[in-house]
Amino acid sequence: MFTLRFDMRAPHTPTTELYGAAIDMCAWAETRGAVMAVLSEHHGTADGHLAAPHILASAIAARTSSLAILLAAVPIPFWDPVRLAEEICALDIISRGRLSYAFGIGHRAEEYEHFGVDMSTRGKLADEKLALLLRLLAGETVERDGRRITVTPGCASPSGPYLLIAGGSRAAARRAARHGLGFISQTVTPGLKEFYEDECRANGHEPGLIQFPVPNTPTAIFVADDLNRAWDELGPYLLHDARTAASYRHGDDTVASISRADDVAALRQAGGPYRILTIDEAVGYLRDGRPLPLLPLCGGLPPDAAWPYLERAAMAAERV
């Protein structure tokens, strides 16, 4: 069992190659142990980070039949909630209910400038837009600013797509609890889980799905025959991914998946978020009840180089 994550960074590889490969990988992998594809969203980056995950999700959904797809995290302050509701409903229809969403508020000032949105208002904007989005997804006709808003067609799923809030603060936990949504925390802040659960019940909801970082758990795994050779090949791409992700956070080290490694040797140290395993090690990891989190095109890794690592991960999944 494994998951696939794609962010489509392409510092060295033609973007057209990566997008086509991501779709092909999802179609191939869903019959070989893949349970979910995760697509991230960022805007205005130097390496072309995926800015239109809904479009890529639609292409993946059209090529697959059972693979779950999670968009995480969708920065809701940048979105028109009416248009977002329409796209969510269309994707729910296309995927037959396989899409789910984790909403965040974004953390890059550059992206707020990109969209002309005042970053100091992001919490208020997120609350307002989320409230309207949820009403529209529920099929309500909403009167707003003299407008009469109805989203058609609605979702195909009776209860609509599964929705979560992603963040690492009490404000994010409160936002999830207010609406009875699941909560994905990017930090291990003491007491945050209990705070979320208490807030859910205070708002008349039972707590939803909760995910918190597990210490020393990797967020990107590759499976190789020769570890040294694999680190030589993958190291520069993994390091680009690590450096870029860290730069997005502007010195914030509370996010569990962030590495501050400044070279490949440091990135390879035990216990980091990036791991290369042998097939036997991957089998052992899976037998512990944990899915392999794969990032097949990490840092713009060329598809021809990426496929063998994905194939070995599938081989490990078949042995469990």
# chains A, B, ... in the order shown; residues from 1 in each chain; ligands from 1
call {"tool": "closest_atom_pairs", "arguments": {"of": "range 1-112 of chain A", "to": "range 139-157 of chain A", "cutoff": "12 Å", "atoms": "only C-alpha atoms", "output": "Markdown table"}}
result
| residue | atom | partner | partner_atom | distance |
| --- | --- | --- | --- | --- |
| A:Pro81 | CA | A:Val151 | CA | 10.6 |
| A:Val82 | CA | A:Val151 | CA | 7.4 |
| A:Arg83 | CA | A:Val151 | CA | 8.8 |
| A:Leu84 | CA | A:Val151 | CA | 10.0 |
| A:Ala85 | CA | A:Val151 | CA | 7.0 |
| A:Glu86 | CA | A:Val151 | CA | 6.1 |
| A:Glu87 | CA | A:Val151 | CA | 9.8 |
| A:Ile88 | CA | A:Cys155 | CA | 7.6 |
| A:Cys89 | CA | A:Cys155 | CA | 4.4 |
| A:Ala90 | CA | A:Cys155 | CA | 7.0 |
| A:Leu91 | CA | A:Cys155 | CA | 8.3 |
| A:Asp92 | CA | A:Cys155 | CA | 5.7 |
| A:Ile93 | CA | A:Ala156 | CA | 5.2 |
| A:Ile94 | CA | A:Ala156 | CA | 8.9 |
| A:Ser95 | CA | A:Ala156 | CA | 9.3 |
| A:Arg96 | CA | A:Ala156 | CA | 6.8 |
| A:Gly97 | CA | A:Ser157 | CA | 5.6 |
| A:Arg98 | CA | A:Ser157 | CA | 9.2 |
| A:Leu99 | CA | A:Ser157 | CA | 10.2 |
| A:Ser100 | CA | A:Ser157 | CA | 11.4 |
call {"tool": "select_by_dssp", "arguments": {"residues": "range 46-88 of chain A", "states": "helix (DSSP H, G or I)", "output": "list in words"}}
result
Pro53, His54, Ile55, Leu56, Ala57, Ser58, Ala59, Ile60, Ala61, Ala62, Arg63, Ile76, Pro77, Phe78, Pro81, Val82, Arg83, Leu84, Ala85, Glu86, Glu87 and Ile88 of chain A
call {"tool": "atom_distance", "arguments": {"atom1": "CA of Arg5 in chain A", "atom2": "CA of Gly168 in chain A"}}
result
20.4 Å
call {"tool": "residues_around", "arguments": {"residues": "range 200-205 of chain A", "least_positions_apart": "2", "cutoff": "8 Å", "atoms": "only C-alpha atoms", "output": "PyMOL selection string"}}
result
chain A and resi 174+176-180+196-198+207
call {"tool": "write_last_selection", "arguments": {"atoms": "N, CA, C and O atoms", "output": "PDB file, in the first residue's frame"}}
result
ATOM      1  N   ARG A 174      -9.804  25.518  15.303  1.00  0.00           N
ATOM      2  CA  ARG A 174     -11.128  26.097  15.580  1.00  0.00           C
ATOM      3  C   ARG A 174     -11.953  26.197  14.303  1.00  0.00           C
ATOM      4  O   ARG A 174     -13.161  25.961  14.300  1.00  0.00           O
ATOM      5  N   ALA A 176     -11.790  24.254  11.671  1.00  0.00           N
ATOM      6  CA  ALA A 176     -12.259  22.908  11.348  1.00  0.00           C
ATOM      7  C   ALA A 176     -13.401  22.501  12.268  1.00  0.00           C
ATOM      8  O   ALA A 176     -14.425  21.958  11.821  1.00  0.00           O
ATOM      9  N   ALA A 177     -13.247  22.769  13.558  1.00  0.00           N
ATOM     10  CA  ALA A 177     -14.241  22.339  14.536  1.00  0.00           C
ATOM     11  C   ALA A 177     -15.572  23.052  14.354  1.00  0.00           C
ATOM     12  O   ALA A 177     -16.646  22.460  14.545  1.00  0.00           O
ATOM     13  N   ARG A 178     -15.520  24.322  13.997  1.00  0.00           N
ATOM     14  CA  ARG A 178     -16.751  25.101  13.848  1.00  0.00           C
ATOM     15  C   ARG A 178     -17.697  24.455  12.836  1.00  0.00           C
ATOM     16  O   ARG A 178     -18.915  24.492  12.984  1.00  0.00           O
ATOM     17  N   HIS A 179     -17.108  23.862  11.797  1.00  0.00           N
ATOM     18  CA  HIS A 179     -17.919  23.285  10.728  1.00  0.00           C
ATOM     19  C   HIS A 179     -17.955  21.753  10.769  1.00  0.00           C
ATOM     20  O   HIS A 179     -18.523  21.132   9.856  1.00  0.00           O
ATOM     21  N   GLY A 180     -17.365  21.146  11.779  1.00  0.00           N
ATOM     22  CA  GLY A 180     -17.353  19.697  11.871  1.00  0.00           C
ATOM     23  C   GLY A 180     -16.506  19.021  10.819  1.00  0.00           C
ATOM     24  O   GLY A 180     -16.811  17.908  10.376  1.00  0.00           O
ATOM     25  N   TYR A 196      -8.865  20.785  19.471  1.00  0.00           N
ATOM     26  CA  TYR A 196      -9.736  20.534  18.323  1.00  0.00           C
ATOM     27  C   TYR A 196     -10.952  19.703  18.739  1.00  0.00           C
ATOM     28  O   TYR A 196     -12.104  20.036  18.390  1.00  0.00           O
ATOM     29  N   GLU A 197     -10.718  18.632  19.476  1.00  0.00           N
ATOM     30  CA  GLU A 197     -11.816  17.759  19.887  1.00  0.00           C
ATOM     31  C   GLU A 197     -12.814  18.496  20.776  1.00  0.00           C
ATOM     32  O   GLU A 197     -14.037  18.355  20.615  1.00  0.00           O
ATOM     33  N   ASP A 198     -12.326  19.276  21.704  1.00  0.00           N
ATOM     34  CA  ASP A 198     -13.211  20.042  22.599  1.00  0.00           C
ATOM     35  C   ASP A 198     -14.028  21.063  21.806  1.00  0.00           C
ATOM     36  O   ASP A 198     -15.227  21.252  22.058  1.00  0.00           O
ATOM     37  N   PRO A 207     -15.706  14.913  16.648  1.00  0.00           N
ATOM     38  CA  PRO A 207     -14.448  15.175  15.927  1.00  0.00           C
ATOM     39  C   PRO A 207     -14.355  14.336  14.658  1.00  0.00           C
ATOM     40  O   PRO A 207     -14.770  13.176  14.628  1.00  0.00           O
TER      41      PRO A 207
END
call {"tool": "closest_residue", "arguments": {"among": "A:Ala68, A:Ser40, A:Ile76, A:Thr278", "to": "Asp225 in chain A", "atoms": "only C-alpha atoms"}}
result
A:Thr278
